[in-house]
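The data block below is upload.cif; it holds mmCIF, C-alpha atoms (C1' of nucleotides).
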data_target
#
loop_
_atom_site.group_PDB
_atom_site.id
_atom_site.type_symbol
_atom_site.label_atom_id
_atom_site.label_comp_id
_atom_site.auth_asym_id
_atom_site.auth_seq_id
_atom_site.Cartn_x
_atom_site.Cartn_y
_atom_site.Cartn_z
ATOM 1 C CA MET A 1 16.666 28.056 -15.493
ATOM 2 C CA LYS A 2 16.631 24.299 -15.550
ATOM 3 C CA GLU A 3 18.308 24.209 -12.172
ATOM 4 C CA ARG A 4 15.670 26.417 -10.701
ATOM 5 C CA SER A 5 12.768 24.386 -11.882
ATOM 6 C CA HIS A 6 14.476 21.232 -10.690
ATOM 7 C CA GLU A 7 14.808 22.625 -7.193
ATOM 8 C CA GLU A 8 11.282 23.955 -7.173
ATOM 9 C CA CYS A 9 10.002 20.627 -8.265
ATOM 10 C CA THR A 10 11.741 18.778 -5.464
ATOM 11 C CA LYS A 11 10.444 21.355 -3.031
ATOM 12 C CA ALA A 12 6.954 20.691 -4.288
ATOM 13 C CA ILE A 13 7.278 16.945 -3.909
ATOM 14 C CA ILE A 14 8.412 16.886 -0.287
ATOM 15 C CA PRO A 15 5.262 18.287 1.333
ATOM 16 C CA VAL A 16 3.094 15.993 -0.726
ATOM 17 C CA ARG A 17 5.081 13.061 0.542
ATOM 18 C CA ASP A 18 4.640 14.343 4.077
ATOM 19 C CA ALA A 19 0.902 14.491 3.602
ATOM 20 C CA LEU A 20 0.785 11.045 2.054
ATOM 21 C CA ASP A 21 2.701 9.563 4.975
ATOM 22 C CA ILE A 22 -0.161 10.528 7.242
ATOM 23 C CA LEU A 23 -3.086 9.903 4.965
ATOM 24 C CA SER A 24 -2.089 6.936 2.861
ATOM 25 C CA GLY A 25 -3.833 3.605 2.942
ATOM 26 C CA LYS A 26 -7.270 2.479 2.059
ATOM 27 C CA TRP A 27 -9.130 3.552 5.171
ATOM 28 C CA LYS A 28 -7.812 6.729 6.779
ATOM 29 C CA LEU A 29 -9.637 9.199 4.598
ATOM 30 C CA PRO A 30 -12.931 7.291 4.684
ATOM 31 C CA ILE A 31 -12.696 7.258 8.474
ATOM 32 C CA ILE A 32 -12.008 10.957 8.577
ATOM 33 C CA ILE A 33 -14.928 11.650 6.286
ATOM 34 C CA SER A 34 -17.191 9.544 8.416
ATOM 35 C CA LEU A 35 -16.212 11.565 11.463
ATOM 36 C CA SER A 36 -16.629 14.809 9.591
ATOM 37 C CA PHE A 37 -20.332 13.971 9.513
ATOM 38 C CA GLY A 38 -20.448 13.864 13.283
ATOM 39 C CA ASN A 39 -18.922 12.117 16.250
ATOM 40 C CA LYS A 40 -19.236 8.375 16.111
ATOM 41 C CA ARG A 41 -18.735 5.243 18.113
ATOM 42 C CA PHE A 42 -16.725 2.234 17.056
ATOM 43 C CA GLY A 43 -19.707 0.127 16.135
ATOM 44 C CA GLN A 44 -21.306 2.885 14.121
ATOM 45 C CA MET A 45 -18.242 3.443 12.012
ATOM 46 C CA SER A 46 -17.786 -0.259 11.544
ATOM 47 C CA LYS A 47 -21.228 -0.346 9.929
ATOM 48 C CA GLN A 48 -20.956 2.907 8.070
ATOM 49 C CA ILE A 49 -17.691 2.416 6.257
ATOM 50 C CA PRO A 50 -18.301 -0.148 3.541
ATOM 51 C CA GLY A 51 -15.992 -3.129 3.735
ATOM 52 C CA ILE A 52 -13.820 -2.209 6.697
ATOM 53 C CA THR A 53 -12.997 -4.887 9.256
ATOM 54 C CA ASP A 54 -12.858 -4.272 12.983
ATOM 55 C CA LYS A 55 -9.162 -4.888 12.960
ATOM 56 C CA MET A 56 -8.446 -2.263 10.352
ATOM 57 C CA LEU A 57 -10.784 0.215 11.963
ATOM 58 C CA SER A 58 -9.124 -0.197 15.317
ATOM 59 C CA LYS A 59 -5.627 0.110 13.873
ATOM 60 C CA GLU A 60 -6.381 3.116 11.720
ATOM 61 C CA LEU A 61 -8.168 4.916 14.530
ATOM 62 C CA ARG A 62 -5.063 4.473 16.627
ATOM 63 C CA ASP A 63 -2.847 5.873 13.875
ATOM 64 C CA LEU A 64 -5.103 8.855 13.369
ATOM 65 C CA GLU A 65 -5.195 9.499 17.079
ATOM 66 C CA ILE A 66 -1.416 9.383 17.339
ATOM 67 C CA ASN A 67 -1.225 11.981 14.576
ATOM 68 C CA GLN A 68 -3.794 14.065 16.415
ATOM 69 C CA LEU A 69 -6.280 14.163 13.624
ATOM 70 C CA ILE A 70 -8.979 12.559 15.738
ATOM 71 C CA LYS A 71 -9.777 12.366 19.434
ATOM 72 C CA ARG A 72 -10.861 9.371 21.475
ATOM 73 C CA THR A 73 -13.150 9.987 24.429
ATOM 74 C CA VAL A 74 -14.112 7.248 26.858
ATOM 75 C CA TYR A 75 -17.373 7.661 28.726
ATOM 76 C CA ASP A 76 -17.521 5.881 32.018
ATOM 77 C CA SER A 77 -20.940 4.438 31.382
ATOM 78 C CA VAL A 78 -22.090 0.857 31.430
ATOM 79 C CA PRO A 79 -21.287 -0.636 29.054
ATOM 80 C CA VAL A 80 -18.330 1.576 28.379
ATOM 81 C CA VAL A 81 -18.858 3.876 25.420
ATOM 82 C CA VAL A 82 -16.049 5.331 23.342
ATOM 83 C CA GLU A 83 -16.639 8.282 21.091
ATOM 84 C CA TYR A 84 -14.389 9.444 18.298
ATOM 85 C CA SER A 85 -14.344 12.984 17.010
ATOM 86 C CA MET A 86 -12.291 15.237 14.794
ATOM 87 C CA THR A 87 -9.718 17.489 16.396
ATOM 88 C CA PRO A 88 -9.348 21.063 15.201
ATOM 89 C CA TYR A 89 -6.227 19.858 13.434
ATOM 90 C CA GLY A 90 -8.139 17.103 11.717
ATOM 91 C CA LYS A 91 -10.594 19.677 10.518
ATOM 92 C CA THR A 92 -7.844 21.418 8.605
ATOM 93 C CA LEU A 93 -8.119 18.563 6.128
ATOM 94 C CA GLU A 94 -11.541 19.745 5.070
ATOM 95 C CA LYS A 95 -10.521 21.561 1.910
ATOM 96 C CA LEU A 96 -8.252 18.763 0.827
ATOM 97 C CA ILE A 97 -11.052 16.258 1.238
ATOM 98 C CA ASP A 98 -13.404 18.484 -0.702
ATOM 99 C CA GLU A 99 -10.993 18.497 -3.598
ATOM 100 C CA LEU A 100 -10.576 14.744 -3.449
ATOM 101 C CA GLN A 101 -14.324 14.307 -3.508
ATOM 102 C CA ASN A 102 -14.685 16.695 -6.382
ATOM 103 C CA TRP A 103 -12.082 15.009 -8.452
ATOM 104 C CA GLY A 104 -13.315 11.535 -7.613
ATOM 105 C CA LEU A 105 -16.826 12.500 -8.617
ATOM 106 C CA LYS A 106 -15.707 13.869 -11.951
ATOM 107 C CA HIS A 107 -13.523 10.859 -12.517
ATOM 108 C CA ARG A 108 -16.390 8.482 -11.875
ATOM 109 C CA LYS A 109 -18.573 10.353 -14.338
ATOM 110 C CA ARG A 110 -15.844 10.178 -16.925
ATOM 111 C CA ILE A 111 -15.456 6.442 -16.519
ATOM 112 C CA ILE A 112 -19.184 5.879 -16.812
ATOM 113 C CA GLU A 113 -19.357 8.022 -19.939
ATOM 114 C CA LYS A 114 -16.569 6.063 -21.573
ATOM 115 C CA SER A 115 -18.091 2.685 -20.838
ATOM 116 C CA LYS A 116 -21.237 3.606 -22.766
ATOM 117 C CA MET B 1 -32.160 12.485 10.335
ATOM 118 C CA LYS B 2 -29.641 9.862 11.249
ATOM 119 C CA GLU B 3 -30.528 7.895 8.149
ATOM 120 C CA ARG B 4 -29.902 10.882 5.986
ATOM 121 C CA SER B 5 -26.507 11.649 7.375
ATOM 122 C CA HIS B 6 -25.576 7.999 7.090
ATOM 123 C CA GLU B 7 -26.431 7.977 3.410
ATOM 124 C CA GLU B 8 -24.700 11.243 2.760
ATOM 125 C CA CYS B 9 -21.639 9.979 4.470
ATOM 126 C CA THR B 10 -21.460 6.874 2.326
ATOM 127 C CA LYS B 11 -21.987 9.003 -0.748
ATOM 128 C CA ALA B 12 -19.086 11.157 0.311
ATOM 129 C CA ILE B 13 -16.793 8.201 0.829
ATOM 130 C CA ILE B 14 -17.281 6.571 -2.579
ATOM 131 C CA PRO B 15 -15.726 9.300 -4.746
ATOM 132 C CA VAL B 16 -12.779 9.573 -2.413
ATOM 133 C CA ARG B 17 -12.169 5.876 -2.803
ATOM 134 C CA ASP B 18 -12.393 6.281 -6.567
ATOM 135 C CA ALA B 19 -9.761 8.979 -6.457
ATOM 136 C CA LEU B 20 -7.523 6.959 -4.179
ATOM 137 C CA ASP B 21 -7.698 3.972 -6.523
ATOM 138 C CA ILE B 22 -6.020 6.047 -9.191
ATOM 139 C CA LEU B 23 -3.629 8.068 -7.083
ATOM 140 C CA SER B 24 -2.587 5.765 -4.292
ATOM 141 C CA GLY B 25 0.927 4.539 -3.777
ATOM 142 C CA LYS B 26 4.130 6.234 -2.971
ATOM 143 C CA TRP B 27 5.065 7.549 -6.381
ATOM 144 C CA LYS B 28 2.131 8.556 -8.552
ATOM 145 C CA LEU B 29 1.655 12.024 -7.156
ATOM 146 C CA PRO B 30 5.366 12.828 -7.085
ATOM 147 C CA ILE B 31 5.549 11.793 -10.736
ATOM 148 C CA ILE B 32 2.595 13.956 -11.632
ATOM 149 C CA ILE B 33 4.103 16.907 -9.815
ATOM 150 C CA SER B 34 7.365 16.419 -11.603
ATOM 151 C CA LEU B 35 5.574 16.504 -14.946
ATOM 152 C CA SER B 36 3.551 19.524 -13.920
ATOM 153 C CA PHE B 37 6.867 21.397 -13.947
ATOM 154 C CA GLY B 38 7.363 20.537 -17.597
ATOM 155 C CA ASN B 39 7.669 17.595 -19.948
ATOM 156 C CA LYS B 40 10.363 15.163 -18.978
ATOM 157 C CA ARG B 41 12.250 12.137 -20.144
ATOM 158 C CA PHE B 42 12.660 8.917 -18.236
ATOM 159 C CA GLY B 43 16.196 9.625 -17.127
ATOM 160 C CA GLN B 44 15.356 13.113 -15.954
ATOM 161 C CA MET B 45 12.514 11.949 -13.782
ATOM 162 C CA SER B 46 14.591 9.125 -12.424
ATOM 163 C CA LYS B 47 17.045 11.716 -11.124
ATOM 164 C CA GLN B 48 14.532 14.291 -10.056
ATOM 165 C CA ILE B 49 12.258 12.173 -7.913
ATOM 166 C CA PRO B 50 14.179 11.373 -4.760
ATOM 167 C CA GLY B 51 14.470 7.682 -4.062
ATOM 168 C CA ILE B 52 12.525 6.201 -6.937
ATOM 169 C CA THR B 53 13.907 3.152 -8.725
ATOM 170 C CA ASP B 54 13.733 2.638 -12.470
ATOM 171 C CA LYS B 55 11.368 -0.233 -11.976
ATOM 172 C CA MET B 56 8.877 1.762 -9.979
ATOM 173 C CA LEU B 57 9.129 4.714 -12.322
ATOM 174 C CA SER B 58 8.450 2.547 -15.332
ATOM 175 C CA LYS B 59 5.534 0.779 -13.693
ATOM 176 C CA GLU B 60 3.910 3.914 -12.376
ATOM 177 C CA LEU B 61 4.303 5.730 -15.668
ATOM 178 C CA ARG B 62 2.470 2.885 -17.339
ATOM 179 C CA ASP B 63 -0.359 3.032 -14.802
ATOM 180 C CA LEU B 64 -0.709 6.767 -15.186
ATOM 181 C CA GLU B 65 -0.729 6.441 -18.940
ATOM 182 C CA ILE B 66 -3.436 3.794 -18.821
ATOM 183 C CA ASN B 67 -5.540 6.134 -16.741
ATOM 184 C CA GLN B 68 -4.863 8.908 -19.223
ATOM 185 C CA LEU B 69 -3.321 11.260 -16.750
ATOM 186 C CA ILE B 70 -0.068 11.443 -18.670
ATOM 187 C CA LYS B 71 1.003 10.991 -22.267
ATOM 188 C CA ARG B 72 3.966 9.121 -23.680
ATOM 189 C CA THR B 73 5.542 10.385 -26.871
ATOM 190 C CA VAL B 74 8.288 8.523 -28.689
ATOM 191 C CA TYR B 75 10.633 10.543 -30.877
ATOM 192 C CA ASP B 76 12.241 8.641 -33.662
ATOM 193 C CA SER B 77 15.688 9.986 -33.021
ATOM 194 C CA VAL B 78 18.895 8.147 -32.314
ATOM 195 C CA PRO B 79 19.108 7.096 -29.615
ATOM 196 C CA VAL B 80 15.381 6.926 -29.192
ATOM 197 C CA VAL B 81 13.930 9.595 -26.931
ATOM 198 C CA VAL B 82 10.685 9.265 -25.011
ATOM 199 C CA GLU B 83 8.948 12.263 -23.570
ATOM 200 C CA TYR B 84 6.257 12.233 -20.918
ATOM 201 C CA SER B 85 3.750 15.010 -20.477
ATOM 202 C CA MET B 86 0.528 15.750 -18.662
ATOM 203 C CA THR B 87 -2.727 15.288 -20.480
ATOM 204 C CA PRO B 88 -5.495 17.856 -20.094
ATOM 205 C CA TYR B 89 -7.169 15.325 -17.854
ATOM 206 C CA GLY B 90 -4.076 15.004 -15.727
ATOM 207 C CA LYS B 91 -4.074 18.762 -15.344
ATOM 208 C CA THR B 92 -7.454 18.615 -13.648
ATOM 209 C CA LEU B 93 -5.557 17.313 -10.612
ATOM 210 C CA GLU B 94 -3.913 20.668 -10.155
ATOM 211 C CA LYS B 95 -6.154 22.012 -7.416
ATOM 212 C CA LEU B 96 -6.060 18.762 -5.540
ATOM 213 C CA ILE B 97 -2.300 18.759 -5.618
ATOM 214 C CA ASP B 98 -2.212 22.349 -4.455
ATOM 215 C CA GLU B 99 -4.256 21.411 -1.432
ATOM 216 C CA LEU B 100 -2.052 18.430 -0.682
ATOM 217 C CA GLN B 101 1.020 20.645 -0.867
ATOM 218 C CA ASN B 102 -0.564 23.232 1.333
ATOM 219 C CA TRP B 103 -1.552 20.768 3.955
ATOM 220 C CA GLY B 104 1.748 18.931 3.825
ATOM 221 C CA LEU B 105 3.614 22.171 4.271
ATOM 222 C CA LYS B 106 1.577 23.162 7.303
ATOM 223 C CA HIS B 107 1.910 19.688 8.712
ATOM 224 C CA ARG B 108 5.667 19.773 8.388
ATOM 225 C CA LYS B 109 5.826 23.116 10.160
ATOM 226 C CA ARG B 110 3.673 21.744 12.940
ATOM 227 C CA ILE B 111 5.913 18.732 13.425
ATOM 228 C CA ILE B 112 9.026 20.887 13.519
ATOM 229 C CA GLU B 113 7.431 23.228 16.044
ATOM 230 C CA LYS B 114 6.513 20.354 18.296
ATOM 231 C CA SER B 115 9.959 18.795 18.238
ATOM 232 C CA LYS B 116 11.485 21.964 19.658
ATOM 233 C "C1'" DT C 1 36.712 -3.396 -29.674
ATOM 234 C "C1'" DA C 2 35.256 -1.019 -25.684
ATOM 235 C "C1'" DT C 3 32.526 2.328 -23.535
ATOM 236 C "C1'" DA C 4 28.556 5.086 -23.078
ATOM 237 C "C1'" DG C 5 23.752 6.827 -23.583
ATOM 238 C "C1'" DT C 6 18.654 5.956 -23.563
ATOM 239 C "C1'" DA C 7 14.748 3.624 -21.859
ATOM 240 C "C1'" DC C 8 13.413 0.333 -19.950
ATOM 241 C "C1'" DT C 9 12.700 -5.067 -18.122
ATOM 242 C "C1'" DT C 10 13.636 -9.030 -15.308
ATOM 243 C "C1'" DT C 11 14.507 -11.552 -11.281
ATOM 244 C "C1'" DC C 12 14.564 -12.288 -6.670
ATOM 245 C "C1'" DC C 13 13.572 -10.808 -2.306
ATOM 246 C "C1'" DT C 14 11.632 -8.262 1.856
ATOM 247 C "C1'" DT C 15 8.244 -5.449 3.905
ATOM 248 C "C1'" DT C 16 3.790 -3.697 4.417
ATOM 249 C "C1'" DT C 17 -0.932 -3.911 4.064
ATOM 250 C "C1'" DT C 18 -5.095 -6.081 4.186
ATOM 251 C "C1'" DG C 19 -8.431 -9.763 5.126
ATOM 252 C "C1'" DA C 20 -11.069 -13.668 7.500
ATOM 253 C "C1'" DT C 21 -12.241 -15.526 11.504
ATOM 254 C "C1'" DA C 22 -12.602 -16.113 16.193
ATOM 255 C "C1'" DG C 23 -12.203 -14.689 20.952
ATOM 256 C "C1'" DT C 24 -12.346 -11.551 25.328
ATOM 257 C "C1'" DG C 25 -14.639 -9.415 29.324
ATOM 258 C "C1'" DA C 26 -17.834 -6.644 31.453
ATOM 259 C "C1'" DC C 27 -22.443 -5.991 31.524
ATOM 260 C "C1'" DT C 28 -27.687 -6.075 30.070
ATOM 261 C "C1'" DT C 29 -31.784 -7.844 28.316
ATOM 262 C "C1'" DT C 30 -35.053 -11.722 27.578
ATOM 263 C "C1'" DA D 1 -29.392 -19.283 31.787
ATOM 264 C "C1'" DA D 2 -28.769 -17.868 27.013
ATOM 265 C "C1'" DA D 3 -28.088 -14.448 23.941
ATOM 266 C "C1'" DG D 4 -26.773 -9.850 22.812
ATOM 267 C "C1'" DT D 5 -24.121 -5.222 23.177
ATOM 268 C "C1'" DC D 6 -19.809 -2.753 23.114
ATOM 269 C "C1'" DA D 7 -15.123 -2.095 21.955
ATOM 270 C "C1'" DC D 8 -11.817 -4.162 20.866
ATOM 271 C "C1'" DT D 9 -7.610 -7.982 20.354
ATOM 272 C "C1'" DA D 10 -5.304 -12.138 18.515
ATOM 273 C "C1'" DT D 11 -3.916 -15.222 15.042
ATOM 274 C "C1'" DC D 12 -2.946 -16.787 10.710
ATOM 275 C "C1'" DA D 13 -2.749 -16.154 5.916
ATOM 276 C "C1'" DA D 14 -2.795 -13.836 1.466
ATOM 277 C "C1'" DA D 15 -1.974 -10.114 -1.451
ATOM 278 C "C1'" DA D 16 0.099 -5.909 -2.740
ATOM 279 C "C1'" DA D 17 3.815 -2.825 -2.717
ATOM 280 C "C1'" DG D 18 8.403 -1.799 -2.915
ATOM 281 C "C1'" DG D 19 13.621 -2.324 -3.433
ATOM 282 C "C1'" DA D 20 18.452 -3.867 -5.265
ATOM 283 C "C1'" DA D 21 20.905 -5.260 -8.828
ATOM 284 C "C1'" DA D 22 21.692 -6.847 -13.148
ATOM 285 C "C1'" DG D 23 20.290 -7.477 -17.939
ATOM 286 C "C1'" DT D 24 18.321 -6.069 -22.732
ATOM 287 C "C1'" DA D 25 18.319 -3.700 -27.268
ATOM 288 C "C1'" DC D 26 19.802 -0.317 -29.975
ATOM 289 C "C1'" DT D 27 23.280 2.900 -31.693
ATOM 290 C "C1'" DA D 28 27.077 6.076 -31.602
ATOM 291 C "C1'" DT D 29 31.475 7.504 -30.601
ATOM 292 C "C1'" DA D 30 36.568 6.904 -29.255
#
Please, can you express the file's structure as structure tokens?
Amino acid sequence: MKERSHEECTKAIIPVRDALDILSGKWKLPIIISLSFGNKRFGQMSKQIPGITDKMLSKELRDLEINQLIKRTVYDSVPVVVEYSMTPYGKTLEKLIDELQNWGLKHRKRIIEKSK
Amino acid sequence: MKERSHEECTKAIIPVRDALDILSGKWKLPIIISLSFGNKRFGQMSKQIPGITDKMLSKELRDLEINQLIKRTVYDSVPVVVEYSMTPYGKTLEKLIDELQNWGLKHRKRIIEKSK
DNA sequence: TATAGTACTTTCCTTTTTGATAGTGACTTT
DNA sequence: AAAGTCACTATCAAAAAGGAAAGTACTATA
């Protein structure tokens, strides 16, 4: 009985670690959320995501692209325009993000209540 | 129209950041999952969570306790026994963790497929 | 007296992450 | 000709996170 629950528990931890490997850090989820509201260009995201620096944005976009959660499209205009968008795979994060938002919202309310 | 979606987007990012503040790091979610399988003692968790050191376990347990996601109970036995358990508040993370597991599982399958 | 169990804590160190600031190069607008 | 747009890149520094190994305090048992 104990053995079983121990195994099950380890089994439950592994996929969460896998997910965290891809999504961890301060900026990846905010970037994904920003893109979930529509395709964006570098400069737009840089303004829209509070506090992010260009360096972090550029690095995190690269990581997300490597993991195929977002797509980078270069338009051959003048000046060159680069558009980022979610891939179908990136969109599979939707439910997870919903839950995070939900929980975060409730948590914020709780904190505000307590500080009264 | 653009203004609206910009605002909405920022509003969506804030709660996610709130949630990440509490849950970020390599170990907090694994610890929570471990406890969701039943109350545990320090030594048990130390063995059950692959790769964690005593130092990290102790630190993360303290953080989680401060944020009232878990509870620490000291039994006055000899030698002293300390039991950790989820609080009702901690249990509100259940759905979020389910989604993380789900996604992580699918992600792992995808990676394995691709490496073939 | 020595060993072991329980639950940590401490120290020292390395790695990773994040931040501030400035610069690049092609081009356009004033 | 100067300043601005666009999408980055480079450099240096600071802060945060994480890891290995040993130590602490208590008690019980051999």
With the cut-off set at 10 Å and counting all atoms listed in the file, tabulate each residue of chain A with an atom at most that distance from an atom of chain C, showing the nearest atom pair and its distance in Å to one decimal, ordered by chain and increasing number, as CSV.
residue,atom,partner,partner_atom,distance
A:Gly25,CA,C:DT17,C1',8.1
A:Lys26,CA,C:DT18,C1',9.1
A:Ile52,CA,C:DG19,C1',9.4
A:Thr53,CA,C:DG19,C1',7.9
A:Lys55,CA,C:DG19,C1',9.3
A:Met56,CA,C:DT18,C1',8.0
A:Val78,CA,C:DC27,C1',6.9
A:Pro79,CA,C:DC27,C1',6.0
A:Val80,CA,C:DA26,C1',8.8
- Query: What separation in Å, quoted to one decimal, exists between CA of Pro30 (chain B) and CA of Thr10 (chain A)?
  - Reply: 8.9 Å
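Between CA of Glu94 (chain A) and CA of Ser36 (chain A) lies a distance of 8.4 Å.
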Residues of chain D that have any atom at most 10 Å from an atom of chain B: could you tabulate them with the shortest-distance atom pair and the distance in Å to one decimal, using all atoms listed in the file, ordered by chain and increasing number, as a Markdown table?
| residue | atom | partner | partner_atom | distance |
| --- | --- | --- | --- | --- |
| D:DA17 | C1' | B:Gly25 | CA | 8.0 |
| D:DG18 | C1' | B:Met56 | CA | 7.9 |
| D:DG19 | C1' | B:Thr53 | CA | 7.6 |
| D:DA20 | C1' | B:Thr53 | CA | 9.0 |
| D:DC26 | C1' | B:Pro79 | CA | 7.5 |
| D:DT27 | C1' | B:Pro79 | CA | 6.3 |
| D:DA28 | C1' | B:Pro79 | CA | 8.3 |
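Take CA of Leu57 (chain A) and CA of Lys28 (chain A): the distance between them is 8.8 Å.
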- Task: Would you translate the PyMOL selection byres ((chain B) within 10 of (chain A)) into the concrete set of residues it matches in this file, as a PyMOL selection string?
- Result: chain B and resi 5-22+24-27+29-38+44-45+47-50+67+89+92-108+111
How would chain B read as a compact mmCIF listing (two decimals) with C-alpha atoms, in the coordinates of the input once least-squares superposed on chain A using all paired C-alpha atoms?
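The result, stored in superposed-v7.txt:
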# COMPACT_ATOMS: atom_id res chain seq x y z
CA MET B 1 16.66 28.02 -15.49
CA LYS B 2 16.62 24.28 -15.55
CA GLU B 3 18.31 24.18 -12.18
CA ARG B 4 15.67 26.38 -10.71
CA SER B 5 12.77 24.35 -11.92
CA HIS B 6 14.48 21.20 -10.73
CA GLU B 7 14.80 22.59 -7.23
CA GLU B 8 11.29 23.91 -7.19
CA CYS B 9 10.01 20.59 -8.29
CA THR B 10 11.76 18.75 -5.49
CA LYS B 11 10.46 21.32 -3.04
CA ALA B 12 6.97 20.68 -4.30
CA ILE B 13 7.28 16.94 -3.92
CA ILE B 14 8.43 16.88 -0.29
CA PRO B 15 5.27 18.28 1.33
CA VAL B 16 3.11 15.98 -0.73
CA ARG B 17 5.08 13.04 0.55
CA ASP B 18 4.64 14.34 4.08
CA ALA B 19 0.91 14.48 3.60
CA LEU B 20 0.79 11.03 2.05
CA ASP B 21 2.70 9.56 4.99
CA ILE B 22 -0.16 10.53 7.25
CA LEU B 23 -3.09 9.90 4.96
CA SER B 24 -2.08 6.93 2.88
CA GLY B 25 -3.83 3.60 2.97
CA LYS B 26 -7.26 2.49 2.09
CA TRP B 27 -9.13 3.59 5.18
CA LYS B 28 -7.81 6.75 6.79
CA LEU B 29 -9.64 9.21 4.60
CA PRO B 30 -12.92 7.30 4.69
CA ILE B 31 -12.69 7.28 8.48
CA ILE B 32 -12.02 10.99 8.59
CA ILE B 33 -14.94 11.66 6.29
CA SER B 34 -17.19 9.56 8.42
CA LEU B 35 -16.21 11.57 11.49
CA SER B 36 -16.63 14.83 9.62
CA PHE B 37 -20.34 13.96 9.52
CA GLY B 38 -20.46 13.86 13.30
CA ASN B 39 -18.93 12.10 16.27
CA LYS B 40 -19.23 8.36 16.13
CA ARG B 41 -18.72 5.22 18.12
CA PHE B 42 -16.71 2.22 17.04
CA GLY B 43 -19.71 0.12 16.12
CA GLN B 44 -21.30 2.89 14.11
CA MET B 45 -18.23 3.45 12.02
CA SER B 46 -17.77 -0.24 11.53
CA LYS B 47 -21.20 -0.33 9.90
CA GLN B 48 -20.95 2.93 8.05
CA ILE B 49 -17.67 2.44 6.26
CA PRO B 50 -18.29 -0.13 3.55
CA GLY B 51 -15.98 -3.10 3.75
CA ILE B 52 -13.81 -2.21 6.70
CA THR B 53 -12.96 -4.88 9.25
CA ASP B 54 -12.82 -4.28 12.98
CA LYS B 55 -9.12 -4.86 12.95
CA MET B 56 -8.42 -2.24 10.33
CA LEU B 57 -10.78 0.23 11.95
CA SER B 58 -9.10 -0.17 15.30
CA LYS B 59 -5.61 0.14 13.86
CA GLU B 60 -6.38 3.14 11.72
CA LEU B 61 -8.17 4.93 14.53
CA ARG B 62 -5.06 4.50 16.64
CA ASP B 63 -2.84 5.91 13.89
CA LEU B 64 -5.10 8.89 13.38
CA GLU B 65 -5.20 9.53 17.09
CA ILE B 66 -1.42 9.42 17.34
CA ASN B 67 -1.23 12.00 14.60
CA GLN B 68 -3.80 14.09 16.43
CA LEU B 69 -6.29 14.17 13.63
CA ILE B 70 -8.99 12.58 15.75
CA LYS B 71 -9.80 12.37 19.43
CA ARG B 72 -10.88 9.39 21.49
CA THR B 73 -13.17 9.97 24.44
CA VAL B 74 -14.13 7.24 26.87
CA TYR B 75 -17.40 7.62 28.74
CA ASP B 76 -17.57 5.83 32.02
CA SER B 77 -20.97 4.35 31.40
CA VAL B 78 -22.06 0.75 31.43
CA PRO B 79 -21.28 -0.76 29.07
CA VAL B 80 -18.37 1.50 28.36
CA VAL B 81 -18.87 3.85 25.43
CA VAL B 82 -16.07 5.33 23.35
CA GLU B 83 -16.65 8.29 21.12
CA TYR B 84 -14.41 9.45 18.31
CA SER B 85 -14.36 12.99 17.03
CA MET B 86 -12.30 15.24 14.81
CA THR B 87 -9.74 17.50 16.38
CA PRO B 88 -9.36 21.07 15.18
CA TYR B 89 -6.24 19.88 13.43
CA GLY B 90 -8.13 17.10 11.72
CA LYS B 91 -10.60 19.69 10.49
CA THR B 92 -7.85 21.44 8.58
CA LEU B 93 -8.12 18.56 6.10
CA GLU B 94 -11.53 19.75 5.04
CA LYS B 95 -10.52 21.57 1.88
CA LEU B 96 -8.26 18.76 0.81
CA ILE B 97 -11.06 16.28 1.22
CA ASP B 98 -13.41 18.51 -0.72
CA GLU B 99 -11.00 18.51 -3.62
CA LEU B 100 -10.59 14.75 -3.47
CA GLN B 101 -14.35 14.32 -3.52
CA ASN B 102 -14.71 16.71 -6.38
CA TRP B 103 -12.10 15.02 -8.45
CA GLY B 104 -13.34 11.55 -7.61
CA LEU B 105 -16.84 12.51 -8.61
CA LYS B 106 -15.72 13.87 -11.96
CA HIS B 107 -13.53 10.86 -12.51
CA ARG B 108 -16.40 8.50 -11.87
CA LYS B 109 -18.59 10.36 -14.34
CA ARG B 110 -15.84 10.18 -16.92
CA ILE B 111 -15.45 6.44 -16.50
CA ILE B 112 -19.18 5.88 -16.80
CA GLU B 113 -19.34 8.03 -19.93
CA LYS B 114 -16.55 6.08 -21.54
CA SER B 115 -18.07 2.69 -20.81
CA LYS B 116 -21.18 3.61 -22.78
Set the distance at 9 Å and use only C-alpha atoms (C1' of nucleotides): which residues neighbour Gly90 (chain B) once local chain neighbours fewer than 5 positions away are removed? I'd like the list as a PDB file with C-alpha atoms, keeping the file's coordinate frame.
ATOM      1  CA  ILE B  32       2.595  13.956 -11.632  1.00  0.00           C
ATOM      2  CA  LEU B  64      -0.709   6.767 -15.186  1.00  0.00           C
ATOM      3  CA  GLN B  68      -4.863   8.908 -19.223  1.00  0.00           C
ATOM      4  CA  LEU B  69      -3.321  11.260 -16.750  1.00  0.00           C
ATOM      5  CA  ILE B  70      -0.068  11.443 -18.670  1.00  0.00           C
TER       6      ILE B  70
END
Answer as a tab-separated table (two decimals) with C-alpha atoms (C1' of nucleotides), in the frame of the given file, residues within 9 Å of (-19.2, 1.9, 17.6) using all atoms listed in the file:
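Result saved to result_28.tsv:
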chain	number	residue	atom	x	y	z
A	40	LYS	CA	-19.24	8.38	16.11
A	41	ARG	CA	-18.74	5.24	18.11
A	42	PHE	CA	-16.73	2.23	17.06
A	43	GLY	CA	-19.71	0.13	16.14
A	44	GLN	CA	-21.31	2.88	14.12
A	45	MET	CA	-18.24	3.44	12.01
A	46	SER	CA	-17.79	-0.26	11.54
A	47	LYS	CA	-21.23	-0.35	9.93
A	81	VAL	CA	-18.86	3.88	25.42
A	82	VAL	CA	-16.05	5.33	23.34
A	83	GLU	CA	-16.64	8.28	21.09
A	84	TYR	CA	-14.39	9.44	18.30
D	6	DC	C1'	-19.81	-2.75	23.11
D	7	DA	C1'	-15.12	-2.10	21.96
